[in-house]
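To be precise, the following lines are target-v1.txt, and they hold compact mmCIF, C-alpha atoms and all ligand atoms.
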# COMPACT_ATOMS: atom_id res chain seq x y z
CA MET A 1 0.00 0.00 0.00
CA PHE A 2 2.99 2.32 0.54
CA SER A 3 5.85 3.53 -1.66
CA ASN A 4 9.02 1.43 -1.91
CA ASP A 5 11.08 3.98 0.04
CA THR A 6 8.52 3.97 2.82
CA VAL A 7 8.42 0.19 2.95
CA LYS A 8 12.23 0.11 3.24
CA LEU A 9 12.17 2.54 6.17
CA LEU A 10 9.36 0.60 7.86
CA GLU A 11 11.12 -2.72 7.51
CA LYS A 12 14.28 -1.27 8.97
CA LYS A 13 12.47 -0.05 12.07
CA ILE A 14 9.66 -2.53 12.69
CA SER A 15 10.65 -6.16 13.02
CA ASP A 16 7.17 -7.62 12.91
CA MET A 17 5.47 -5.66 10.15
CA PRO A 18 1.72 -6.29 10.02
CA THR A 19 -0.02 -7.16 6.78
CA ILE A 20 -1.64 -4.01 5.36
CA ILE A 21 -4.09 -4.39 2.51
CA GLY A 22 -6.35 -1.78 0.97
CA GLY A 23 -8.78 -1.91 -1.90
CA ARG A 24 -11.81 -0.19 -3.34
CA SER A 25 -13.86 -3.21 -2.32
CA LEU A 26 -12.73 -6.16 -0.24
CA LYS A 27 -16.17 -7.67 0.27
CA HIS A 28 -15.56 -10.73 -1.90
CA ASP A 29 -12.12 -11.41 -0.46
CA ILE A 30 -12.83 -11.31 3.26
CA ASP A 31 -12.48 -15.03 3.98
CA ASP A 32 -9.32 -15.41 1.88
CA LEU A 33 -7.74 -12.37 3.48
CA VAL A 34 -8.42 -13.61 7.00
CA ALA A 35 -7.33 -17.16 6.07
CA SER A 36 -4.02 -15.73 4.83
CA ILE A 37 -3.12 -14.66 8.36
CA PHE A 38 -5.04 -17.00 10.69
CA PRO A 39 -5.14 -20.81 10.41
CA PRO A 40 -8.54 -22.53 10.67
CA SER A 41 -9.61 -21.47 14.13
CA LYS A 42 -12.32 -19.89 16.24
CA LEU A 43 -12.65 -16.16 15.69
CA ALA A 44 -14.46 -13.51 17.75
CA ILE A 45 -15.80 -10.75 15.52
CA VAL A 46 -16.30 -7.59 17.57
CA ASP A 47 -18.29 -4.60 16.33
CA ASP A 48 -21.08 -2.26 17.44
CA ALA A 49 -24.55 -1.51 16.13
CA GLN A 50 -23.25 1.02 13.55
CA THR A 51 -20.18 -0.87 12.38
CA SER A 52 -22.00 -4.19 12.10
CA ASP A 53 -24.30 -2.53 9.55
CA ALA A 54 -21.36 -0.95 7.74
CA MET A 55 -19.19 -4.08 7.55
CA GLY A 56 -19.43 -6.42 10.56
CA ASP A 57 -22.42 -8.47 9.38
CA HIS A 58 -20.73 -8.91 6.04
CA VAL A 59 -17.52 -10.09 7.73
CA HIS A 60 -19.55 -12.48 9.85
CA ARG A 61 -21.30 -14.04 6.83
CA ALA A 62 -18.03 -14.31 4.90
CA LEU A 63 -16.15 -16.03 7.72
CA LYS A 64 -18.72 -18.36 9.20
CA GLY A 65 -18.35 -21.00 6.49
CA ARG A 66 -14.62 -21.23 6.93
CA PHE A 67 -14.00 -20.50 10.60
CA GLY A 68 -15.71 -21.07 13.87
CA VAL A 69 -17.12 -17.61 14.61
CA MET A 70 -18.75 -15.79 17.47
CA HIS A 71 -20.15 -12.35 16.82
CA VAL A 72 -20.05 -9.82 19.67
CA THR A 73 -22.01 -6.70 18.73
CA LEU A 74 -21.85 -4.01 21.42
CA ALA A 75 -25.08 -2.12 21.95
CA GLY A 76 -25.54 1.64 21.55
CA THR A 77 -22.48 3.84 21.21
CA PRO A 78 -19.91 1.98 23.30
CA GLU A 79 -16.87 3.61 24.91
CA ALA A 80 -13.48 2.03 25.45
CA THR A 81 -13.63 1.31 29.18
CA THR A 82 -12.22 -1.44 31.39
CA GLU A 83 -15.80 -2.50 32.02
CA ILE A 84 -16.63 -3.05 28.35
CA ALA A 85 -13.23 -4.68 27.79
CA ALA A 86 -14.06 -7.19 30.55
CA TYR A 87 -17.47 -7.84 28.94
CA VAL A 88 -15.89 -8.52 25.53
CA ALA A 89 -13.23 -10.77 27.08
CA GLN A 90 -15.93 -12.83 28.76
CA LYS A 91 -18.14 -13.03 25.65
CA ALA A 92 -15.21 -14.04 23.46
CA GLU A 93 -13.85 -16.65 25.82
CA GLY A 94 -12.60 -19.68 23.94
CA CYS A 95 -11.77 -17.82 20.72
CA ASP A 96 -8.30 -18.10 19.16
CA ALA A 97 -8.16 -14.62 17.64
CA PHE A 98 -10.15 -11.40 17.41
CA ILE A 99 -11.47 -9.60 14.35
CA ALA A 100 -12.26 -5.96 15.09
CA VAL A 101 -14.73 -4.25 12.76
CA GLY A 102 -14.93 -0.57 13.63
CA SER A 103 -12.79 2.47 14.34
CA GLY A 104 -11.34 4.05 17.49
CA THR A 105 -13.39 2.43 20.23
CA ILE A 106 -13.73 -1.07 18.79
CA ASN A 107 -10.08 -1.11 17.78
CA ASP A 108 -8.94 0.02 21.24
CA ILE A 109 -11.09 -2.59 22.95
CA CYS A 110 -9.88 -5.41 20.69
CA LYS A 111 -6.23 -4.49 20.81
CA TYR A 112 -6.37 -4.32 24.59
CA VAL A 113 -8.46 -7.47 25.19
CA SER A 114 -6.53 -9.57 22.65
CA HIS A 115 -3.21 -8.44 24.09
CA LYS A 116 -4.30 -9.23 27.63
CA SER A 117 -5.43 -12.69 26.64
CA GLY A 118 -2.29 -13.35 24.58
CA LYS A 119 -4.20 -13.73 21.30
CA PRO A 120 -3.69 -12.00 17.94
CA TYR A 121 -6.17 -9.68 16.27
CA ALA A 122 -6.87 -8.19 12.86
CA VAL A 123 -8.95 -5.15 12.02
CA PHE A 124 -11.34 -4.02 9.29
CA PRO A 125 -11.47 -0.22 9.79
CA THR A 126 -14.85 1.36 9.14
CA ALA A 127 -13.67 4.99 9.34
CA ALA A 128 -10.48 7.01 8.94
CA SER A 129 -11.16 8.69 12.26
CA MET A 130 -7.88 8.42 14.23
CA ASN A 131 -4.31 7.18 13.97
CA GLY A 132 -4.42 4.35 16.49
CA TYR A 133 -4.95 1.40 14.12
CA LEU A 134 -1.26 0.60 14.08
CA SER A 135 -0.08 1.97 17.40
CA ALA A 136 0.71 -0.48 20.15
CA ASN A 137 -1.05 1.28 23.02
CA ALA A 138 -4.75 1.36 23.81
CA SER A 139 -6.63 4.28 25.30
CA ILE A 140 -8.96 2.78 27.91
CA ALA A 141 -10.92 4.68 30.57
CA ASP A 142 -11.06 3.28 34.06
CA ASP A 143 -13.62 4.93 36.31
CA GLY A 144 -13.50 8.08 34.16
CA TYR A 145 -9.70 8.28 34.15
CA LYS A 146 -8.31 7.81 30.62
CA GLN A 147 -5.24 5.66 30.60
CA THR A 148 -2.80 4.62 27.92
CA LEU A 149 -2.42 0.89 28.44
CA ALA A 150 0.00 -1.58 26.95
CA ALA A 151 -1.44 -3.48 24.00
CA HIS A 152 -0.13 -4.70 20.64
CA ILE A 153 -0.58 -3.94 16.97
CA PRO A 154 -2.87 -6.05 14.79
CA ARG A 155 -1.54 -8.86 12.61
CA ALA A 156 -3.37 -7.27 9.70
CA VAL A 157 -5.34 -4.19 8.68
CA PHE A 158 -7.80 -4.73 5.83
CA CYS A 159 -9.04 -1.40 4.46
CA ASP A 160 -12.14 -1.45 2.29
CA PHE A 161 -12.13 2.12 1.03
CA SER A 162 -15.72 2.03 -0.17
CA VAL A 163 -16.76 1.31 3.43
CA ILE A 164 -14.39 3.90 4.94
CA ALA A 165 -15.43 6.63 2.47
CA ALA A 166 -19.10 5.95 3.30
CA ALA A 167 -18.54 6.50 7.04
CA PRO A 168 -20.26 9.53 8.58
CA ALA A 169 -18.26 12.56 7.34
CA ARG A 170 -17.67 13.68 10.90
CA LEU A 171 -15.56 10.58 11.59
CA ASN A 172 -13.22 11.07 8.64
CA LYS A 173 -12.95 14.79 9.35
CA SER A 174 -11.92 13.79 12.85
CA GLY A 175 -9.10 11.69 11.36
CA LEU A 176 -7.92 14.77 9.49
CA GLY A 177 -7.93 16.68 12.80
CA ASP A 178 -5.82 13.98 14.47
CA SER A 179 -3.32 14.20 11.57
CA LEU A 180 -2.85 17.93 12.19
CA ALA A 181 -0.99 17.10 15.40
CA ARG A 182 2.04 16.04 13.33
CA PRO A 183 3.73 19.48 13.22
CA THR A 184 2.97 20.43 16.84
CA ALA A 185 4.00 17.01 18.17
CA GLN A 186 7.21 17.00 16.14
CA PHE A 187 8.03 20.49 17.43
CA ASP A 188 7.56 19.44 21.06
CA TRP A 189 9.38 16.13 20.70
CA LEU A 190 12.36 17.84 19.03
CA LEU A 191 12.29 20.69 21.57
CA SER A 192 12.61 18.16 24.39
CA HIS A 193 15.46 16.44 22.57
CA LEU A 194 17.36 19.68 21.92
CA LEU A 195 16.97 21.12 25.41
CA LEU A 196 16.81 18.05 27.66
CA GLY A 197 18.60 15.44 25.55
CA THR A 198 15.66 13.04 25.40
CA ASP A 199 15.37 10.57 22.48
CA TYR A 200 14.17 11.72 19.07
CA ASP A 201 13.86 10.03 15.69
CA GLU A 202 13.13 11.56 12.28
CA THR A 203 11.86 8.35 10.67
CA PRO A 204 8.21 8.69 11.78
CA PHE A 205 8.15 12.02 9.94
CA GLN A 206 10.12 10.89 6.90
CA ILE A 207 7.47 8.29 6.12
CA LEU A 208 4.79 11.02 6.19
CA ALA A 209 6.70 13.80 4.42
CA ALA A 210 5.51 13.12 0.87
CA LEU A 211 1.87 12.48 1.82
CA GLU A 212 1.16 15.32 4.24
CA PRO A 213 1.11 18.20 1.69
CA GLN A 214 -1.28 16.17 -0.48
CA LEU A 215 -3.49 15.43 2.50
CA LEU A 216 -3.77 19.12 3.35
CA ASP A 217 -4.98 19.76 -0.21
CA HIS A 218 -7.70 17.12 0.14
CA ALA A 219 -9.54 18.49 3.17
CA ARG A 220 -12.67 19.26 1.19
CA GLY A 221 -12.62 15.84 -0.48
CA ILE A 222 -12.41 14.17 2.92
CA ALA A 223 -15.45 16.10 4.10
CA LYS A 224 -17.35 15.05 0.98
CA GLY A 225 -16.47 11.36 1.29
CA ASP A 226 -14.41 11.37 -1.91
CA MET A 227 -12.78 7.95 -2.03
CA ALA A 228 -9.30 9.02 -3.22
CA SER A 229 -9.15 11.70 -0.49
CA VAL A 230 -10.24 9.29 2.22
CA GLU A 231 -7.76 6.71 0.95
CA LEU A 232 -4.96 9.26 1.26
CA LEU A 233 -6.09 10.11 4.79
CA MET A 234 -6.11 6.43 5.75
CA HIS A 235 -2.54 6.04 4.47
CA VAL A 236 -1.42 8.96 6.61
CA LEU A 237 -3.20 7.61 9.69
CA LEU A 238 -1.73 4.12 9.30
CA LEU A 239 1.77 5.53 8.82
CA SER A 240 1.29 7.82 11.80
CA GLY A 241 0.44 4.74 13.88
CA LEU A 242 3.49 2.90 12.60
CA GLY A 243 5.57 5.96 13.51
CA MET A 244 4.38 5.64 17.10
CA THR A 245 5.14 1.93 17.08
CA MET A 246 8.69 2.49 15.89
CA ALA A 247 9.19 5.29 18.43
CA GLY A 248 8.08 2.99 21.24
CA GLY A 249 5.35 5.42 22.30
CA SER A 250 3.02 8.09 21.00
CA TYR A 251 5.78 10.77 20.98
CA PRO A 252 5.68 11.61 17.24
CA ALA A 253 1.90 12.13 17.20
CA SER A 254 0.87 13.20 20.68
CA GLN A 255 2.38 16.03 22.70
CA SER A 256 1.01 19.27 24.14
CA GLU A 257 -2.00 19.38 21.77
CA HIS A 258 -3.11 15.99 23.10
CA MET A 259 -2.20 16.89 26.69
CA ILE A 260 -4.50 19.91 26.58
CA ALA A 261 -7.39 17.90 25.12
CA HIS A 262 -6.92 15.12 27.69
CA SER A 263 -6.72 17.62 30.55
CA TYR A 264 -9.92 19.21 29.38
CA GLY A 265 -11.56 15.81 29.25
CA MET A 266 -10.44 15.02 32.80
CA LEU A 267 -11.55 18.30 34.39
CA LYS A 268 -14.24 17.75 36.95
CA GLY A 269 -17.62 19.22 36.16
CA ASN A 270 -17.27 19.11 32.37
CA THR A 271 -20.39 17.69 30.91
CA GLN A 272 -20.14 18.79 27.29
CA ASN A 273 -17.15 16.79 26.16
CA HIS A 274 -19.03 13.56 25.45
CA ALA A 275 -20.38 14.79 22.17
CA THR A 276 -16.97 15.60 20.68
CA LEU A 277 -14.73 13.19 18.79
CA HIS A 278 -11.06 12.79 19.63
CA GLY A 279 -9.80 14.15 16.31
CA GLU A 280 -12.20 17.10 16.42
CA GLU A 281 -10.63 18.10 19.72
CA ILE A 282 -7.12 17.58 18.37
CA GLY A 283 -7.77 19.74 15.30
CA VAL A 284 -8.71 22.60 17.63
CA THR A 285 -5.88 22.09 20.13
CA SER A 286 -3.31 21.61 17.33
CA LEU A 287 -4.20 25.02 15.91
CA HIS A 288 -4.00 26.56 19.38
CA VAL A 289 -0.63 24.95 20.15
CA ALA A 290 0.74 25.89 16.72
CA GLN A 291 -0.01 29.52 17.64
CA LEU A 292 1.79 29.14 21.00
CA GLN A 293 4.80 27.54 19.33
CA HIS A 294 4.90 30.24 16.69
CA ALA A 295 4.90 32.93 19.38
CA LEU A 296 7.55 31.11 21.42
CA LEU A 297 10.10 31.32 18.63
CA ARG A 298 10.11 35.11 18.90
CA GLN A 299 10.78 35.08 22.64
CA LYS A 300 13.73 34.42 24.93
CA PRO A 301 12.28 31.62 27.01
CA SER A 302 13.25 29.94 30.29
CA LEU A 303 12.24 26.58 31.68
CA ARG A 304 9.27 26.63 34.06
CA ARG A 305 10.18 24.69 37.14
CA ASP A 306 7.29 25.15 39.53
CA ASN A 307 6.47 22.95 42.45
CA PHE A 308 3.69 20.47 41.84
CA PRO A 309 0.39 22.25 42.72
CA LYS A 310 -1.11 19.18 44.35
CA GLU A 311 -4.08 20.87 45.97
CA ASP A 312 -5.11 22.67 42.78
CA ILE A 313 -4.77 19.50 40.73
CA ALA A 314 -6.79 17.48 43.23
CA ALA A 315 -9.52 20.14 43.28
CA LEU A 316 -9.68 20.39 39.47
CA PHE A 317 -9.08 16.81 38.41
CA GLY A 318 -9.58 14.67 41.51
CA GLY A 319 -7.24 12.97 43.98
CA HIS A 320 -6.46 10.01 41.73
CA VAL A 321 -5.18 12.22 38.92
CA ALA A 322 -3.16 14.28 41.42
CA ASP A 323 -1.41 11.15 42.76
CA GLU A 324 -0.70 9.67 39.32
CA SER A 325 0.51 12.87 37.70
CA LYS A 326 2.78 13.90 40.57
CA LYS A 327 5.19 11.07 39.75
CA ALA A 328 5.16 11.95 36.06
CA TYR A 329 5.84 15.63 36.72
CA PHE A 330 8.74 14.86 39.08
CA LYS A 331 10.36 12.81 36.36
CA LYS A 332 10.16 15.80 34.06
CA LEU A 333 11.49 18.20 36.72
CA GLU A 334 14.46 15.93 37.23
CA ARG A 335 15.24 15.97 33.52
CA MET A 336 14.96 19.75 33.48
CA GLU A 337 17.43 19.98 36.34
CA HIS A 338 19.89 17.70 34.58
CA SER A 339 19.73 19.85 31.46
CA GLY A 340 22.01 22.40 33.12
CA ILE A 341 19.85 25.26 31.87
CA GLY A 342 19.51 27.55 34.89
CA GLY A 343 17.47 30.62 34.04
CA GLU A 344 16.85 31.92 30.56
CA ILE A 345 18.07 29.68 27.74
CA PRO A 346 21.36 31.17 26.44
CA ALA A 347 20.65 33.24 23.32
CA ARG A 348 23.04 31.43 20.96
CA ARG A 349 21.76 28.05 21.98
CA TRP A 350 18.16 29.19 21.56
CA ASP A 351 18.90 30.53 18.04
CA GLU A 352 20.17 27.10 17.03
CA VAL A 353 17.12 25.44 18.54
CA VAL A 354 14.79 27.84 16.72
CA ALA A 355 16.43 27.14 13.36
CA LYS A 356 15.77 23.42 13.80
CA LEU A 357 12.25 23.80 15.17
CA GLU A 358 11.17 26.05 12.31
CA LYS A 359 11.66 23.20 9.85
CA THR A 360 9.04 21.08 11.63
CA MET A 361 6.23 23.66 11.60
CA LEU A 362 3.14 24.38 9.61
CA PRO A 363 1.95 28.00 9.75
CA PRO A 364 -1.10 28.30 12.04
CA ASP A 365 -2.99 29.96 9.17
CA LYS A 366 -2.46 26.85 7.08
CA ILE A 367 -3.84 24.59 9.84
CA ARG A 368 -6.85 26.88 10.21
CA SER A 369 -7.55 26.94 6.47
CA VAL A 370 -7.39 23.12 6.28
CA LEU A 371 -9.90 22.77 9.13
CA GLU A 372 -12.13 25.38 7.51
CA ALA A 373 -11.94 23.67 4.11
CA ALA A 374 -13.15 20.46 5.77
CA ASP A 375 -15.81 22.39 7.67
CA ALA A 376 -14.33 20.90 10.85
CA PRO A 377 -14.21 22.67 14.24
CA HIS A 378 -11.23 25.05 14.51
CA VAL A 379 -12.06 27.03 17.66
CA PRO A 380 -13.02 25.73 21.13
CA GLU A 381 -16.54 27.20 20.88
CA LYS A 382 -17.28 24.87 17.96
CA LEU A 383 -16.63 21.94 20.29
CA GLY A 384 -18.99 23.39 22.85
CA TRP A 385 -16.00 23.89 25.14
CA ASN A 386 -16.10 26.37 27.97
CA LYS A 387 -13.36 29.02 27.61
CA GLU A 388 -12.55 29.29 31.31
CA GLN A 389 -12.33 25.53 31.69
CA LEU A 390 -10.08 25.35 28.64
CA GLN A 391 -7.80 27.97 30.14
CA LYS A 392 -7.49 25.83 33.27
CA ALA A 393 -6.86 22.70 31.21
CA THR A 394 -4.14 24.51 29.26
CA SER A 395 -2.34 25.92 32.27
CA TYR A 396 -2.39 22.66 34.25
CA ALA A 397 -1.77 20.22 31.38
CA ARG A 398 2.02 20.40 31.84
CA PHE A 399 1.69 18.99 35.36
CA LEU A 400 -0.21 15.91 34.22
CA ARG A 401 2.39 14.20 32.01
CA ASP A 402 6.13 13.67 31.93
CA ARG A 403 6.45 15.00 28.38
CA PHE A 404 8.42 18.25 28.04
CA THR A 405 6.63 20.57 25.61
CA VAL A 406 6.11 24.19 24.66
CA LEU A 407 3.92 24.43 27.79
CA ASP A 408 7.05 24.00 29.96
CA LEU A 409 8.66 27.19 28.63
CA LEU A 410 8.00 30.72 29.73
ZN ZN B 1 -4.76 11.47 18.59
Written as structure tokens, that's how I'd like the structure from this file.
Ligand SMILES: [Zn+2]
Amino acid sequence: MFSNDTVKLLEKKISDMPTIIGGRSLKHDIDDLVASIFPPSKLAIVDDAQTSDAMGDHVHRALKGRFGVMHVTLAGTPEATTEIAAYVAQKAEGCDAFIAVGSGTINDICKYVSHKSGKPYAVFPTAASMNGYLSANASIADDGYKQTLAAHIPRAVFCDFSVIAAAPARLNKSGLGDSLARPTAQFDWLLSHLLLGTDYDETPFQILAALEPQLLDHARGIAKGDMASVELLMHVLLLSGLGMTMAGGSYPASQSEHMIAHSYGMLKGNTQNHATLHGEEIGVTSLHVAQLQHALLRQKPSLRRDNFPKEDIAALFGGHVADESKKAYFKKLERMEHSGIGGEIPARRWDEVVAKLEKTMLPPDKIRSVLEAADAPHVPEKLGWNKEQLQKATSYARFLRDRFTVLDLL
């Protein structure tokens, strides 16, 4: 599915490359595709009410002649929680492998449950809504607290682009929003490397470099469900996931823009955030962070090394979040201390840093115009977010994770 150069880079970095197959219609090949990766066995097909209509029922019919199958269709609009994961694990007991048919939630549940039970899984995406199809971690909420839990990547991703292009436009626009975190995440990841000496790798960005400019030109096509545009988006999302897998974490695709969105989601007393999609939030926070990063380059910054505001954090996010994030923040403080940067960053050093950071950026105006072309949310109000709450989320986000980002500079 990818160019030869990309495949070479991927094979160099990822020892166990999954099978990735895409086509304008895979409906007649489903059983052969699955048989090419799993021996005759018992499969648990997992979907929800929407995705079983889009593809899951079809997958079930195609596989039941050739495999033992159980079909677990989750009711309503399920969320990726430990509770639902436990339900799926119990329903699918006795299966040898999982087949996920869905997007963010179903994929997260299957990658987590299959990993926990030591079984492989494959996925038929039904929307290009986020970049987690090929990332090894799962985002699972436990008692309202969103956690990134260890999981594994699928053995195979089978993309039927006629199904993905027919997904509700909002889902694919959300995938575009998630992709817009590339420049802001690269900026932050490189900033941390240049100032604190943390690890950094260009490869996750090299594999995206040729596709990203094309993607930005296809925003309108994505919104309209144009198949070529959605196909391009899916390529970018899969490669973004592989970038995270090779980096050993979400570093190349998730930094301050994700931290702000997660903080907002964890704030106590927020009731509006259920209606928003992950990538819609990330489109908005990526634009906001791009503006902060842009402004930072014209300043003479210093590292912010405040004490951990435990009481504030507990009041805003709850005691559990305060306990968990304290450890993460201390790790970051320690790294800042080891950097040897006392007060303001020395001017010559900062000039060198700026020259390198500039190469990673997209102008904020470009990000805004892409979101507008897709008719996707670009300001917090469009998400129904409360401005005051967002301000709190933004100023406390740096205390909630160990990642060093633009938010840690003054
Ligand atoms: Zn994301």
* ligand ZN 1 (chain B) neighbours within 7 Å using only C-alpha atoms and all ligand atoms, as a ChimeraX atom specification -> /A:130-131,178,253-254,258,278-279,282
* Asked: By how many Å are CA of Thr405 in chain A and CA of Asn270 in chain A apart?
  -> 24.9 Å
* To do: Compare A:Ala322, A:Ala127, A:Leu303, A:Ile345 by their minimum atom-to-atom distance to Pro168 in chain A, counting all atoms listed in the file, and give me the closest one.
  =>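 Closest candidate: A:Ala127.
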* Asked: Do you have the CA of Arg155 in chain A-CA of Thr19 in chain A distance handy?
  ->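 These atoms are spaced 6.3 Å apart.
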* Asked: Mind pulling up the distance from CA of Leu208 in chain A to CA of Val236 in chain A?
  -> 6.6 Å
* Rank nothing, just name the residue among A:Gly384, A:Gly76, A:Gly283, A:Gly197 nearest to Glu337 in chain A, using all atoms listed in the file. =>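 Comparing A:Gly384, A:Gly76, A:Gly283, A:Gly197 against Glu337 in chain A, the winner is A:Gly197.
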* Asked: Between A:Asp142, A:Glu372, A:Asp5, A:Glu358, which is the closest to Leu191 in chain A once you count only C-alpha atoms?
  ->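 Selected residue with least distance to Leu191 in chain A: A:Glu358.
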* Asked: Near Gln206 in chain A, within 12 Å and counting only C-alpha atoms, which residues show up once chain neighbours fewer than 4 positions away are dropped, as an MDAnalysis selection string?
  -> chainID A and resid 5:10 182 186 201:202 210:212 236 239:240 242:243 252 360
* All residues 12 Å or closer to His294 in chain A, only C-alpha atoms, same chain fewer than 3 positions away omitted, as a ChimeraX atom specification -> /A:183-184,187-188,286-291,297-299,354,357-365,406
* Asked: If we count all atoms listed in the file, what is near Ile260 in chain A at a cut-off of 8 Å, once residues fewer than 3 positions away on the same chain are taken out, given as a list in words?
  ->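 Answer for this query is Ser256, Glu257, Ser263, Tyr264, Thr285, Ala393, Thr394 and Ala397 of chain A.
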Return as AutoDock Vina command-line options the box centre and box size in Å, one decimal, for an axis-aligned box around all listed atoms of range 346-352 of chain A padded by 5 Å per side.
--center_x 20.6 --center_y 30.2 --center_z 21.7 --size_x 14.9 --size_y 16.1 --size_z 19.4
* To do: Give me the residues within 6 Å of range 35-49 of chain A as a ChimeraX atom specification, counting only C-alpha atoms and dropping any in the same chain fewer than 3 places off.
  => /A:31-32,52,67-75,92,95-102
